[in-house]
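*Asks:* The structure that follows is given in the form of structure tokens.
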Amino acid sequence: MEYSEYRSHDATGLAELVATGQVSASELLETAIARLDTVEPTLNTVVRRLDDKARVRAREPLDGPFAGVPFLLKDLGQDLAGEPTSCGSRVLADLPMDENSVIVDRWLGAGLVPFAKTNTPEFGAKGITEPEAFGATRNPWDPSVTPGGSSGGSAAAVAAGVVPAAGASDGGGSIRIPAACCGLLGLKPGRGLVPTGMRGGEPLHGAATNGVICRTVRDAAAFLDVMAGPYAGGPYLVERAQSYAEAVRSAPKQLRIGYETASPIGTPVDPEAEAAVDAAVAVLEELGHHVEPTSTGIDERRLAEDFLTMWFATAAAEVAEACRLTGARPEDFEFDTRIIAAVGKSTSASDYIAAHARWAEYASGLAQFHERYDLLLTPTLAFPPSRIGELDTPRWMRRAGEALLRTRTAWIATRAGFIDRVVDDNLGRTPYTQLANITGRPAISVPLHWTASGLPLGVQFVGPLGGEGVLLALAGELEQARPWFDRQPPLAPAELSAAS
């Protein structure tokens, strides 16, 4: 198959070609592998190739809605038996998993053919993808900037046309952020709908979930049909009123949508992010929806601090577990991981419980908002994608952090404003996404805006509990009104070489 034909189909379309005998799974796989070979020297999207395993699988009889479609797994929580899941860390890079994770079993059951695992920051802890162990992943729209994170490798590969969809996960925006950076569609399902974690479970108290990054709404819906539902050992019995693929076949009713562009944590917002929302408001009004400026009324600065309390404590637990499994030492991890793990380890149990208890307040506040509005609209990002290396920890902060680590007084970092600085310097670029994770609500990033310099910058819609169908139906309506499928980054091999 010629690459141009391959790129002209989404995952649903490729599956139809296989099902009707117009192309074989092996032909699709070889086209995908060739495309990965073309873009990989510049973009660095994957950390582990599985070409030989994939070739064997592609020759086998495959069933399911995506039978024969090439696919990529995120190298974080998406375990494939016999292969390591590095989580972006050199410490775990050679530790093979003994079984598939629940979500991987569902993708394999749908007939997908995974042939690589994608790059991610260490433990998925950043909104960029620049791990020391594997190097930075670059954005196909401009290789000097980030594709976002933590599902940055997946997003870059989809945008570059390697695959029509790829595995992703979202604990604080990690599906929506890279989708927004790369001109793609990214749906974070609501809490409990899709299995998460290495064995299922509820990482980050259910704030994290698996999903995909893709190019079309019908793919997003069909993948959610594959992924959603209860499983043995799971914490919830999830029931669905209808197929998500059915939900996108008709436009939604007239919706009341409240929007805000100001950063909910009081940090600056780039005019391009505001322009992205303005453009979305204009097309929503054209489609007959009622749209007005508003505010959730939630103290999202405090929410951000509570989010980081959980995030840092989780980092401490992850470092400890990785050390137990491998015999590694704390100094074998990246500096940023070590310092946030140290802060997390110093958090008292009572402070942690108090922070987690406030999640119910935030969920109640958002539920009250959804009594007035069907959906919340915000920018997905407060700024266009950052340049590679722009968010590296400053030298002065590294020196101060090393001193804290040596003296084992990392708790002082809280007094010194460490958490405030993390909120401002890191969450300040992505202040809109954590709300949906903490409250367990579904949210989607839709590629409706490109900046003056040609970079994608998506907008986010947050729905109520069970609102995945409404989000997908609206995204489908927007896709018809402002098509994005045929927008491609400049990826001729010569251009890639020059950009790198």
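Naming scheme: A, B, ... for chains in displayed order of the structure tokens; residues 1 onward per chain; ligands 1 onward as shown.
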Quick one: everything within 6 Å of stretch 193-196 of chain A, counting only C-alpha atoms, minus sequence neighbours fewer than 6 positions away in the same chain. Send it as a short mmCIF file (atom, residue, chain, number, x, y, z; two decimals) with N, CA, C and O atoms, in the first residue's frame.

*Replies:*
```
data_model
loop_
_atom_site.label_atom_id
_atom_site.label_comp_id
_atom_site.auth_asym_id
_atom_site.auth_seq_id
_atom_site.Cartn_x
_atom_site.Cartn_y
_atom_site.Cartn_z
N ILE A 103 -6.30 -3.18 29.64
CA ILE A 103 -6.59 -2.37 28.46
C ILE A 103 -5.91 -2.95 27.22
O ILE A 103 -6.48 -2.94 26.11
N THR A 209 -6.79 7.60 33.69
CA THR A 209 -7.53 6.65 32.87
C THR A 209 -6.81 6.43 31.55
O THR A 209 -6.05 7.28 31.09
N ASN A 210 -7.04 5.26 30.96
CA ASN A 210 -6.52 4.98 29.63
C ASN A 210 -7.43 5.53 28.55
O ASN A 210 -8.60 5.84 28.80
N MET A 227 -13.03 -0.10 24.61
CA MET A 227 -12.34 0.01 25.90
C MET A 227 -13.27 0.00 27.10
O MET A 227 -12.90 -0.48 28.18
N ALA A 228 -14.47 0.54 26.96
CA ALA A 228 -15.32 0.79 28.12
C ALA A 228 -15.97 -0.48 28.64
O ALA A 228 -16.25 -1.41 27.89
N GLY A 229 -16.19 -0.48 29.95
CA GLY A 229 -16.93 -1.57 30.56
C GLY A 229 -16.23 -2.16 31.76
O GLY A 229 -15.02 -1.99 31.97
#
```

*Asks:* Tell me, as a list in words, which residues lie within 6 Å of A:Val162, counting only C-alpha atoms; anything in the same chain fewer than 2 positions away does not count.

*Replies:*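 Residues meeting the cut-off are Ala32, Arg35, Leu36, Ala157, Val158 and Ala160 of chain A.
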
*Asks:* How would the residues just chosen look if you wrote them out with C-alpha atoms as a PDB file, in the first residue's frame?

*Replies:*
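Result went into out_29.pdb, see below:
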```pdb
ATOM      1  CA  ALA A  32       3.254   1.744   9.143  1.00  0.00           C
ATOM      2  CA  ARG A  35       6.536   5.449   7.896  1.00  0.00           C
ATOM      3  CA  LEU A  36       7.945   5.069  11.418  1.00  0.00           C
ATOM      4  CA  ALA A 157       3.295   9.331  15.863  1.00  0.00           C
ATOM      5  CA  VAL A 158      -0.383   9.841  15.035  1.00  0.00           C
ATOM      6  CA  ALA A 160       3.110  12.144  11.656  1.00  0.00           C
TER       7      ALA A 160
END
```

*Asks:* Find the residues near stretch 243-246 of chain A: any atom within 7 Å, counting only C-alpha atoms, skip ones fewer than 4 places away on the same chain, and give them as a list in words.

*Replies:*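 Surrounding residues, per the criterion: Arg218, Ala221, Ala222, Leu224, Asp225 and Gly469 of chain A.
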
*Asks:* For A:His356, please output as a ChimeraX atom specification all residues within 12 Å (counting only C-alpha atoms; exclusion window: fewer than 4 positions along the same chain).

*Replies:* /A:204-207,302-311,313,349-352,360-363,438-439

*Asks:* Do you know which residues are at most 10 Å from A:Thr296 counting only C-alpha atoms, after dropping those on the same chain fewer than 3 positions away, and could you put them as a PyMOL selection string?

*Replies:* chain A and resi 258-260+264+299-300+362+365-370+376

*Asks:* Can I get the selection written as a PDB file, in the first residue's frame, with N, CA and C atoms?

*Replies:*
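Listing of again_20.pdb after writing:
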```pdb
ATOM      1  N   GLY A 258     -20.974  27.007  28.802  1.00  0.00           N
ATOM      2  CA  GLY A 258     -20.298  28.112  29.464  1.00  0.00           C
ATOM      3  C   GLY A 258     -18.813  28.057  29.184  1.00  0.00           C
ATOM      4  N   TYR A 259     -18.206  29.203  28.897  1.00  0.00           N
ATOM      5  CA  TYR A 259     -16.784  29.179  28.577  1.00  0.00           C
ATOM      6  C   TYR A 259     -16.015  30.179  29.429  1.00  0.00           C
ATOM      7  N   GLU A 260     -14.753  29.856  29.645  1.00  0.00           N
ATOM      8  CA  GLU A 260     -13.837  30.774  30.322  1.00  0.00           C
ATOM      9  C   GLU A 260     -12.453  30.610  29.733  1.00  0.00           C
ATOM     10  N   PRO A 264      -7.542  29.347  35.624  1.00  0.00           N
ATOM     11  CA  PRO A 264      -8.218  29.139  36.907  1.00  0.00           C
ATOM     12  C   PRO A 264      -7.272  29.159  38.099  1.00  0.00           C
ATOM     13  N   ASP A 299     -12.418  26.799  43.532  1.00  0.00           N
ATOM     14  CA  ASP A 299     -11.085  27.279  43.885  1.00  0.00           C
ATOM     15  C   ASP A 299     -10.063  26.339  43.252  1.00  0.00           C
ATOM     16  N   GLU A 300      -9.718  26.615  41.988  1.00  0.00           N
ATOM     17  CA  GLU A 300      -8.839  25.697  41.278  1.00  0.00           C
ATOM     18  C   GLU A 300      -7.363  25.882  41.626  1.00  0.00           C
ATOM     19  N   TYR A 362     -14.750  19.672  45.030  1.00  0.00           N
ATOM     20  CA  TYR A 362     -14.567  20.083  43.643  1.00  0.00           C
ATOM     21  C   TYR A 362     -15.595  19.395  42.739  1.00  0.00           C
ATOM     22  N   GLY A 365     -18.871  21.106  43.196  1.00  0.00           N
ATOM     23  CA  GLY A 365     -18.880  22.401  42.519  1.00  0.00           C
ATOM     24  C   GLY A 365     -19.071  22.266  41.023  1.00  0.00           C
ATOM     25  N   LEU A 366     -18.416  21.277  40.415  1.00  0.00           N
ATOM     26  CA  LEU A 366     -18.569  21.084  38.981  1.00  0.00           C
ATOM     27  C   LEU A 366     -19.962  20.539  38.648  1.00  0.00           C
ATOM     28  N   ALA A 367     -20.494  19.703  39.521  1.00  0.00           N
ATOM     29  CA  ALA A 367     -21.862  19.208  39.308  1.00  0.00           C
ATOM     30  C   ALA A 367     -22.859  20.370  39.321  1.00  0.00           C
ATOM     31  N   GLN A 368     -22.648  21.336  40.213  1.00  0.00           N
ATOM     32  CA  GLN A 368     -23.526  22.512  40.241  1.00  0.00           C
ATOM     33  C   GLN A 368     -23.388  23.325  38.952  1.00  0.00           C
ATOM     34  N   PHE A 369     -22.176  23.433  38.453  1.00  0.00           N
ATOM     35  CA  PHE A 369     -21.971  24.107  37.172  1.00  0.00           C
ATOM     36  C   PHE A 369     -22.763  23.411  36.064  1.00  0.00           C
ATOM     37  N   HIS A 370     -22.728  22.072  36.069  1.00  0.00           N
ATOM     38  CA  HIS A 370     -23.414  21.326  35.018  1.00  0.00           C
ATOM     39  C   HIS A 370     -24.934  21.314  35.186  1.00  0.00           C
ATOM     40  N   LEU A 376     -18.599  22.689  29.778  1.00  0.00           N
ATOM     41  CA  LEU A 376     -17.646  23.766  30.046  1.00  0.00           C
ATOM     42  C   LEU A 376     -16.642  23.791  28.902  1.00  0.00           C
TER      43      LEU A 376
END
```

*Asks:* Could you find all residues in stretch 35-170 of chain A that DSSP calls strand (DSSP E) from the backbone, and write them as a PyMOL selection string?

*Replies:* chain A and resi 46-49+70-74+113-118+165-170

*Asks:* Taking only stretch 281-428 of chain A into account, list the residues labelled alpha helix (DSSP H) by DSSP (computed from the backbone), as a count of residues only.

*Replies:* 92

*Asks:* What is the distance, in Å and to one decimal place, between atom CA of A:Val283 and atom CA of A:Gln480?

*Replies:* 10.9 Å

*Asks:* Skipping near chain neighbours, those fewer than 2 positions away, what residues fall within 7 Å of A:Cys87 using only C-alpha atoms, listed as a ChimeraX atom specification?

*Replies:* /A:75-76,85,89,120,122-124

*Asks:* Would you save the residues of that selection, restricted to N, CA, C and O atoms, as a short mmCIF file (atom, residue, chain, number, x, y, z; two decimals), in the first residue's frame?

*Replies:*
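Output file again_16.cif is given in full below:
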```
data_model
loop_
_atom_site.label_atom_id
_atom_site.label_comp_id
_atom_site.auth_asym_id
_atom_site.auth_seq_id
_atom_site.Cartn_x
_atom_site.Cartn_y
_atom_site.Cartn_z
N ASP A 75 4.19 3.50 26.63
CA ASP A 75 5.09 2.74 27.50
C ASP A 75 4.90 3.14 28.96
O ASP A 75 5.87 3.38 29.69
N LEU A 76 3.66 3.22 29.37
CA LEU A 76 3.31 3.59 30.75
C LEU A 76 1.96 2.96 31.06
O LEU A 76 0.93 3.37 30.53
N THR A 85 7.85 -2.42 30.49
CA THR A 85 7.13 -1.15 30.50
C THR A 85 8.02 -0.19 31.28
O THR A 85 8.06 -0.23 32.51
N SER A 89 11.54 5.52 32.39
CA SER A 89 12.66 5.48 33.34
C SER A 89 13.69 4.44 32.93
O SER A 89 13.34 3.31 32.58
N THR A 120 7.48 8.50 26.72
CA THR A 120 6.74 9.19 27.77
C THR A 120 7.73 9.75 28.78
O THR A 120 8.82 9.19 28.94
N GLU A 122 9.40 10.41 32.51
CA GLU A 122 9.55 9.46 33.61
C GLU A 122 8.31 9.45 34.49
O GLU A 122 7.90 10.48 35.03
N PHE A 123 7.67 8.28 34.59
CA PHE A 123 6.43 8.06 35.34
C PHE A 123 5.28 8.96 34.86
O PHE A 123 4.32 9.18 35.61
N GLY A 124 5.39 9.47 33.64
CA GLY A 124 4.31 10.28 33.09
C GLY A 124 4.06 11.57 33.84
O GLY A 124 2.96 12.11 33.80
#
```

*Asks:* For A:Pro70, work out the shell of residues within 8 Å, counting only C-alpha atoms and skipping chain neighbours fewer than 3 positions away, then give it as a list of chain:residue names.

*Replies:*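 The residues satisfying every condition are A:Ala25, A:Leu28, A:Leu29, A:Ala32, A:Leu112, A:Val113, A:Pro114, A:Phe115, A:Val163.
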
*Asks:* Could you check the closest approach to A:Ala322 for each of A:Val47, A:Leu255, A:Leu92, A:Leu427 and tell me which residue wins, using only C-alpha atoms?

*Replies:* A:Leu92
